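Student: As input, take entry-v2.cif (mmCIF, C-alpha atoms):
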```cif
data_work
loop_
_atom_site.label_atom_id
_atom_site.label_comp_id
_atom_site.auth_asym_id
_atom_site.auth_seq_id
_atom_site.Cartn_x
_atom_site.Cartn_y
_atom_site.Cartn_z
CA MET B 90 4.57 8.26 -24.71
CA THR B 91 8.25 8.88 -24.07
CA PRO B 92 9.65 12.41 -23.70
CA VAL B 93 11.48 12.11 -27.01
CA GLU B 94 8.27 11.01 -28.76
CA PHE B 95 6.43 13.93 -27.14
CA ALA B 96 9.11 16.34 -28.37
CA GLY B 97 8.91 14.94 -31.89
CA LYS B 98 5.12 15.14 -32.05
CA TYR B 99 4.82 18.71 -30.77
CA GLY B 100 8.01 20.33 -32.00
CA LEU B 101 9.97 20.65 -28.76
CA THR B 102 13.76 20.64 -28.83
CA VAL B 103 15.53 17.67 -27.29
CA VAL B 104 18.47 19.30 -25.49
CA THR B 105 19.66 16.14 -23.75
CA GLU B 106 18.10 12.77 -24.34
CA GLY B 107 19.15 11.08 -21.09
CA GLY B 108 16.65 8.33 -20.42
CA GLY B 109 14.06 10.11 -22.55
CA SER B 110 13.71 7.33 -25.09
CA CYS B 111 13.16 4.53 -22.68
CA ARG B 112 10.78 5.81 -20.02
CA GLU B 113 7.17 6.80 -20.29
CA ILE B 114 5.65 10.09 -19.18
CA GLU B 115 3.02 9.01 -16.65
CA GLY B 116 1.98 12.42 -15.34
CA ALA B 117 3.03 16.05 -15.23
CA TYR B 118 3.91 18.65 -12.63
CA CYS B 119 4.24 22.37 -13.38
CA CYS B 120 6.09 24.52 -10.84
CA ASP B 121 9.11 26.77 -10.42
CA LEU B 122 9.57 26.38 -6.67
CA LEU B 123 12.02 23.53 -6.49
CA SER B 124 11.17 22.47 -2.95
CA MET B 125 7.55 22.21 -4.01
CA VAL B 126 8.60 20.03 -6.92
CA MET B 127 10.72 17.85 -4.62
CA GLY B 128 7.81 17.26 -2.32
CA ARG B 129 5.00 16.85 -4.82
CA ALA B 130 6.18 15.76 -8.25
CA GLN B 131 5.73 12.07 -8.86
CA GLU B 132 8.14 9.59 -10.36
CA ASN B 133 7.90 9.66 -14.18
CA ASP B 134 6.17 13.03 -14.25
CA ALA B 135 7.14 15.55 -16.91
CA PHE B 136 8.48 18.48 -14.85
CA VAL B 137 7.37 21.69 -16.60
CA THR B 138 9.15 24.85 -15.50
CA VAL B 139 10.90 28.10 -16.38
CA MET B 140 13.47 27.67 -13.59
CA ALA B 141 16.72 27.12 -15.44
CA ASN B 142 19.55 26.54 -13.01
CA VAL B 143 21.68 23.58 -12.07
CA ASN B 144 19.49 22.81 -9.05
CA THR B 145 16.62 22.14 -11.47
CA ILE B 146 18.64 19.20 -12.77
CA ALA B 147 19.41 17.99 -9.24
CA VAL B 148 15.71 18.05 -8.36
CA ALA B 149 14.85 16.19 -11.56
CA VAL B 150 17.32 13.45 -10.63
CA LEU B 151 16.24 13.10 -7.04
CA ALA B 152 12.49 13.31 -7.69
CA ASP B 153 13.05 10.82 -10.53
CA VAL B 154 10.93 12.63 -13.10
CA ALA B 155 10.74 11.44 -16.71
CA CYS B 156 12.03 14.72 -18.11
CA VAL B 157 12.40 18.46 -17.58
CA ILE B 158 10.51 20.68 -20.02
CA LEU B 159 11.82 24.23 -20.02
CA CYS B 160 9.22 26.65 -21.39
CA GLU B 161 8.89 30.19 -22.75
CA GLY B 162 12.02 29.90 -24.89
CA ILE B 163 14.26 29.86 -21.81
CA HIS B 164 17.50 27.90 -22.15
CA PHE B 165 19.79 26.08 -19.77
CA ASP B 166 23.39 27.25 -19.80
CA GLU B 167 26.24 24.93 -20.75
CA ALA B 168 26.98 23.95 -17.14
CA CYS B 169 23.38 22.82 -16.66
CA ILE B 170 23.38 20.89 -19.91
CA LEU B 171 26.61 19.16 -18.94
CA ARG B 172 25.11 18.23 -15.56
CA ALA B 173 21.99 16.90 -17.28
CA LYS B 174 24.10 14.75 -19.57
CA GLN B 175 26.17 13.44 -16.67
CA GLN B 176 23.03 12.61 -14.69
CA GLU B 177 21.21 11.21 -17.75
CA VAL B 178 18.33 13.64 -17.40
CA CYS B 179 16.14 14.19 -20.44
CA VAL B 180 15.76 17.93 -21.07
CA LEU B 181 13.31 19.39 -23.58
CA GLU B 182 12.84 23.04 -24.46
CA SER B 183 9.80 24.79 -25.87
CA GLU B 184 8.88 28.30 -26.99
CA LYS B 185 5.40 27.64 -25.63
CA SER B 186 4.17 28.71 -22.20
CA ALA B 187 4.03 26.24 -19.33
CA PHE B 188 0.24 26.28 -19.65
CA ALA B 189 0.36 25.43 -23.35
CA VAL B 190 2.82 22.59 -22.73
CA ALA B 191 0.67 21.33 -19.86
CA LEU B 192 -2.34 21.23 -22.17
CA LEU B 193 -0.41 19.11 -24.67
CA LEU B 194 0.70 16.78 -21.88
CA GLY B 195 -2.86 16.61 -20.59
CA LYS B 196 -4.07 15.64 -24.04
CA GLU B 197 -1.48 12.86 -24.36
CA LEU B 198 -2.23 11.63 -20.86
CA GLY B 199 -5.95 11.57 -21.60
CA LEU B 200 -6.70 14.23 -19.00
CA CYS B 201 -8.30 16.80 -21.30
CA MET Q 190 24.39 -7.36 11.40
CA ASN Q 191 25.54 -5.84 8.12
CA THR Q 192 25.87 -2.07 8.28
CA LEU Q 193 26.99 0.17 5.44
CA LYS Q 194 28.08 3.70 6.25
CA TRP Q 195 28.76 6.71 4.05
CA THR Q 196 29.94 10.15 5.10
CA TYR Q 197 29.86 13.30 3.00
CA GLU Q 198 31.09 16.81 3.64
CA VAL Q 199 28.68 19.40 2.29
CA ASP Q 200 30.36 22.47 0.84
CA GLY Q 201 28.45 25.47 2.09
CA SER Q 202 30.09 27.94 -0.25
CA ASP Q 203 28.83 26.59 -3.55
CA PHE Q 204 25.09 26.41 -4.06
CA THR Q 205 25.49 24.77 -7.46
CA ARG Q 206 27.04 21.70 -5.80
CA ALA Q 207 24.15 21.22 -3.41
CA GLY Q 208 22.68 17.81 -4.06
CA GLU Q 209 25.92 15.99 -4.75
CA ALA Q 210 25.78 14.02 -1.51
CA SER Q 211 22.12 13.12 -2.04
CA SER Q 212 22.84 12.03 -5.61
CA ALA Q 213 25.76 9.89 -4.45
CA VAL Q 214 23.60 8.20 -1.81
CA LYS Q 215 20.88 7.59 -4.38
CA LYS Q 216 23.37 5.91 -6.72
CA ASN Q 217 24.67 3.70 -3.91
CA LEU Q 218 21.18 2.65 -2.89
CA ARG Q 219 20.27 1.83 -6.48
CA LYS Q 220 23.35 -0.36 -6.86
CA LEU Q 221 22.40 -2.17 -3.68
CA GLY Q 222 18.91 -2.90 -4.99
CA VAL Q 223 17.03 -0.89 -2.38
CA PRO Q 224 13.30 -0.60 -3.25
CA PRO Q 225 12.62 2.48 -5.44
CA GLU Q 226 10.09 4.02 -3.03
CA ALA Q 227 12.63 3.94 -0.19
CA ILE Q 228 15.28 5.44 -2.48
CA ARG Q 229 12.90 8.25 -3.41
CA LYS Q 230 12.10 8.98 0.23
CA VAL Q 231 15.76 9.04 1.23
CA SER Q 232 16.73 11.15 -1.80
CA ILE Q 233 14.10 13.83 -1.19
CA ALA Q 234 14.61 14.02 2.58
CA LEU Q 235 18.38 14.13 2.22
CA TYR Q 236 18.38 16.70 -0.57
CA GLU Q 237 16.19 19.08 1.38
CA GLY Q 238 18.50 18.71 4.36
CA GLU Q 239 21.54 19.25 2.18
CA ILE Q 240 20.02 22.41 0.70
CA ASN Q 241 19.23 23.69 4.19
CA MET Q 242 22.83 23.11 5.26
CA VAL Q 243 24.07 25.18 2.33
CA ILE Q 244 21.51 27.97 2.74
CA HIS Q 245 21.59 28.35 6.50
CA ALA Q 246 24.71 26.75 7.96
CA ASN Q 247 27.60 27.10 5.51
CA GLY Q 248 27.70 23.35 5.00
CA GLY Q 249 28.16 20.44 7.36
CA VAL Q 250 28.53 16.67 7.45
CA ILE Q 251 26.03 14.03 6.33
CA THR Q 252 26.30 10.48 7.60
CA VAL Q 253 24.16 7.69 6.19
CA GLU Q 254 23.99 4.23 7.73
CA MET Q 255 22.12 1.38 6.16
CA THR Q 256 21.13 -1.94 7.70
CA PRO Q 257 18.77 -4.55 6.25
CA GLU Q 258 15.98 -2.91 8.27
CA LYS Q 259 16.47 0.84 7.83
CA ILE Q 260 18.46 3.79 6.57
CA ASP Q 261 19.54 6.31 9.19
CA MET Q 262 20.62 9.80 8.12
CA VAL Q 263 22.36 12.32 10.36
CA LEU Q 264 22.92 15.86 9.10
CA ALA Q 265 25.13 17.88 11.41
CA ASP Q 266 26.14 21.50 11.03
CA THR Q 267 27.73 24.21 13.13
CA GLY Q 268 25.54 26.99 11.76
CA LYS Q 269 23.48 29.58 13.55
CA GLY Q 270 20.87 27.10 14.84
CA ILE Q 271 17.06 27.22 14.75
CA PRO Q 272 15.51 29.48 17.41
CA ASP Q 273 11.99 28.07 17.10
CA ILE Q 274 11.81 24.55 15.66
CA GLU Q 275 8.02 24.39 15.80
CA GLN Q 276 7.73 27.51 13.67
CA ALA Q 277 10.44 26.31 11.29
CA MET Q 278 8.46 23.12 10.68
CA LYS Q 279 5.46 25.04 9.32
CA GLU Q 280 4.97 24.98 5.56
CA GLY Q 281 5.72 28.40 4.09
CA TRP Q 282 7.93 29.61 6.94
CA SER Q 283 11.38 30.52 5.66
CA THR Q 284 14.29 32.75 6.56
CA ALA Q 285 16.13 32.12 3.30
CA PRO Q 286 17.67 35.18 1.64
CA ASP Q 287 16.32 36.60 -1.63
CA GLU Q 288 19.14 35.22 -3.79
CA VAL Q 289 18.23 31.71 -2.68
CA ARG Q 290 14.55 32.34 -3.39
CA SER Q 291 15.44 33.46 -6.91
CA LEU Q 292 16.90 29.99 -7.50
CA GLY Q 293 13.63 28.31 -6.60
CA PHE Q 294 14.24 27.56 -2.93
CA GLY Q 295 13.23 29.27 0.29
CA ALA Q 296 9.56 28.40 -0.10
CA GLY Q 297 9.39 27.06 3.43
CA MET Q 298 9.03 23.47 2.25
CA GLY Q 299 12.40 22.05 3.28
CA LEU Q 300 11.77 20.80 6.80
CA PRO Q 301 8.13 19.82 6.05
CA ASN Q 302 9.36 17.75 3.09
CA MET Q 303 12.01 16.12 5.28
CA LYS Q 304 9.35 15.15 7.81
CA LYS Q 305 6.96 13.96 5.10
CA TYR Q 306 9.48 11.70 3.38
CA SER Q 307 11.21 10.23 6.43
CA ASP Q 308 9.54 7.72 8.73
CA GLU Q 309 11.12 9.30 11.80
CA MET Q 310 12.72 12.69 12.24
CA LYS Q 311 14.25 14.53 15.17
CA ILE Q 312 15.93 17.92 15.30
CA ASP Q 313 18.45 19.02 17.93
CA SER Q 314 19.37 22.65 17.59
CA THR Q 315 21.08 25.24 19.74
CA VAL Q 316 21.28 28.86 18.64
CA GLY Q 317 24.87 29.83 17.95
CA VAL Q 318 26.08 26.22 18.17
CA GLY Q 319 24.44 24.34 15.32
CA THR Q 320 21.80 21.87 14.25
CA THR Q 321 21.69 18.11 13.92
CA VAL Q 322 18.82 16.45 12.10
CA TYR Q 323 18.21 12.72 12.52
CA MET Q 324 16.02 10.96 9.93
CA THR Q 325 15.16 7.31 9.40
CA VAL Q 326 13.56 5.52 6.48
CA TYR Q 327 12.51 1.94 7.18
CA LEU Q 328 13.06 -0.74 4.56
CA GLN Q 329 10.73 -3.35 5.99
#
```
Take the structure from the file and write it as structure tokens.

Tutor:
Amino acid sequence: MTPVEFAGKYGLTVVTEGGGSCREIEGAYCCDLLSMVMGRAQENDAFVTVMANVNTIAVAVLADVACVILCEGIHFDEACILRAKQQEVCVLESEKSAFAVALLLGKELGLC
Amino acid sequence: MNTLKWTYEVDGSDFTRAGEASSAVKKNLRKLGVPPEAIRKVSIALYEGEINMVIHANGGVITVEMTPEKIDMVLADTGKGIPDIEQAMKEGWSTAPDEVRSLGFGAGMGLPNMKKYSDEMKIDSTVGVGTTVYMTVYLQ
């Protein structure tokens, strides 16, 4: 399932599409410590977080995740959104908690 | 032997620009058709080093050299230096200030991540003079 398909199915907002229509979510990683994400998130993971700063986008690019899912109704500011567009990062937003989003991802990935 | 070389100055005054050099290197490597796993290793190792330069050393210079066999990265700064490299290499050890921690860094993962994602790594550091980190990722 692509990030955009995931957003459509579960009511998340697609903030920037980036490559979100053409790559599959293959796993998920939930964390707000960006160095932890850099070291442990896998390529094509959905990166679930509440950390909304421009470095979040940089980490998403360099760790090569499928998308960033910002939870708890937190929003990126305009500078972050611009950076995400420039770097073609798919950004989704949800009012749900990181745990609730992780459960939905787990269901789609056949993990629960 | 074909060698490609890129040099980047890292601005230590603007945390929001940290990662620009790493992103630029990643783009170059992609264009050159470097295997994705090697690109990922270089990107992660370099980004962590770049972040460290911004947090601890007010910037510095990154040099990346690529041959058909390997990618060498040298990150040189004139910051305050690392008093105890062995301690700094431990996961969870950090001297980053609170404002950096609030942005999601300073978890004491930077140097361990650099070691994990490079095939070779060496640190030369002198307190009050600066730090140079040498990392290599092999392509073959």

Student: Write out as a ChimeraX atom specification which residues come within 6 Å of stretch 92-97 of chain B when counting all atoms listed in the file, dropping same-chain ones fewer than 2 positions away.

Tutor: /B:99-101,109-110

Student: Give me, as a list of chain:residue names, all polymer residues having an atom no more than 9 Å from Q:Arg206, counting only C-alpha atoms and skipping those fewer than 6 positions away in the same chain.

Tutor: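 So, after excluding close chain neighbours, the residues are B:Val143, B:Asn144, Q:Val199, Q:Asp200.
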
Student: Could you save the residues just selected, with C-alpha atoms, as a PDB file, keeping the file's coordinate frame?

Tutor:
```pdb
ATOM      1  CA  VAL B 143      21.680  23.580 -12.070  1.00  0.00           C
ATOM      2  CA  ASN B 144      19.490  22.810  -9.050  1.00  0.00           C
TER       3      ASN B 144
ATOM      4  CA  VAL Q 199      28.680  19.400   2.290  1.00  0.00           C
ATOM      5  CA  ASP Q 200      30.360  22.470   0.840  1.00  0.00           C
TER       6      ASP Q 200
END
```

Student: I'd like the neighbourhood of B:Gly199 as a list in words, where a residue qualifies if any of its atoms comes within 12 Å (using all atoms listed in the file), though same-chain residues fewer than 4 positions away should be ignored.

Tutor: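 Selected residues are Met90, Ile114, Glu115, Gly116, Ala117, Ala191, Leu192, Leu193, Leu194 and Gly195 of chain B.
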
Student: Please evaluate the PyMOL selection byres ((chain B) within 10 of (chain Q)) against the displayed coordinates and give the resulting residues as a PyMOL selection string.

Tutor: chain B and resi 120-129+131-132+140-148+150-153+168-169+176

Student: Can you measure atom CA of B:Lys185 to atom CA of B:Ile158 for me? One decimal in Å is fine.

Tutor: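 According to the coordinates, atom CA of B:Lys185 and atom CA of B:Ile158 are separated by 10.3 Å.
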
Student: Is there a way to get, as a PyMOL selection string, all residues within 7 Å of the point (10.0, 31.4, -22.1) in file coordinates, counting all atoms listed in the file?

Tutor: chain B and resi 139+160-163+184-186

Student: For Q:Gly270, which residue out of Q:His245, Q:Lys311, Q:Lys194, Q:Lys304 is the nearest one, using all atoms listed in the file?

Tutor: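 Ranking Q:His245, Q:Lys311, Q:Lys194, Q:Lys304 by distance to Q:Gly270, first place goes to Q:His245.
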
Student: Near Q:Ile274, within 12 Å and counting all atoms listed in the file, which residues show up once chain neighbours fewer than 4 positions away are dropped, as a PyMOL selection string?

Tutor: chain Q and resi 270+278-279+282-283+300-301+311-316+320-322

Student: Using all atoms listed in the file, which residues sit within 10 Å of B:Ile170 once same-chain residues fewer than 3 positions away are excluded, as a list in words?

Tutor: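 Neighbouring residues, sequence-local ones excluded: Val104, Thr105, Asn142, Val143, Ile146, His164, Phe165, Asp166, Glu167, Ala173, Lys174, Gln175, Gln176, Val178, Cys179 and Val180 of chain B.
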
Student: Quick one: write out the picked residues with C-alpha atoms as a PDB file, in the frame of the given file?

Tutor:
```pdb
ATOM      1  CA  VAL B 104      18.470  19.300 -25.490  1.00  0.00           C
ATOM      2  CA  THR B 105      19.660  16.140 -23.750  1.00  0.00           C
ATOM      3  CA  ASN B 142      19.550  26.540 -13.010  1.00  0.00           C
ATOM      4  CA  VAL B 143      21.680  23.580 -12.070  1.00  0.00           C
ATOM      5  CA  ILE B 146      18.640  19.200 -12.770  1.00  0.00           C
ATOM      6  CA  HIS B 164      17.500  27.900 -22.150  1.00  0.00           C
ATOM      7  CA  PHE B 165      19.790  26.080 -19.770  1.00  0.00           C
ATOM      8  CA  ASP B 166      23.390  27.250 -19.800  1.00  0.00           C
ATOM      9  CA  GLU B 167      26.240  24.930 -20.750  1.00  0.00           C
ATOM     10  CA  ALA B 173      21.990  16.900 -17.280  1.00  0.00           C
ATOM     11  CA  LYS B 174      24.100  14.750 -19.570  1.00  0.00           C
ATOM     12  CA  GLN B 175      26.170  13.440 -16.670  1.00  0.00           C
ATOM     13  CA  GLN B 176      23.030  12.610 -14.690  1.00  0.00           C
ATOM     14  CA  VAL B 178      18.330  13.640 -17.400  1.00  0.00           C
ATOM     15  CA  CYS B 179      16.140  14.190 -20.440  1.00  0.00           C
ATOM     16  CA  VAL B 180      15.760  17.930 -21.070  1.00  0.00           C
TER      17      VAL B 180
END
```

Student: Using all atoms listed in the file, which of Q:Leu218, Q:Ile244, Q:Ala213, Q:Ala227 sits nearest Q:Val289?

Tutor: Q:Ile244

Student: For the file shown, report as an mmCIF file with C-alpha atoms, keeping the file's coordinate frame the outcome of the PyMOL selection byres ((chain Q and resi 202) around 8) at residue level.

Tutor:
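Once written, result29.cif looks like this:
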```
data_model
loop_
_atom_site.group_PDB
_atom_site.id
_atom_site.type_symbol
_atom_site.label_atom_id
_atom_site.label_comp_id
_atom_site.auth_asym_id
_atom_site.auth_seq_id
_atom_site.Cartn_x
_atom_site.Cartn_y
_atom_site.Cartn_z
ATOM 1 C CA ASP Q 200 30.360 22.470 0.840
ATOM 2 C CA GLY Q 201 28.450 25.470 2.090
ATOM 3 C CA ASP Q 203 28.830 26.590 -3.550
ATOM 4 C CA PHE Q 204 25.090 26.410 -4.060
ATOM 5 C CA VAL Q 243 24.070 25.180 2.330
ATOM 6 C CA ASN Q 247 27.600 27.100 5.510
ATOM 7 C CA GLY Q 248 27.700 23.350 5.000
#
```
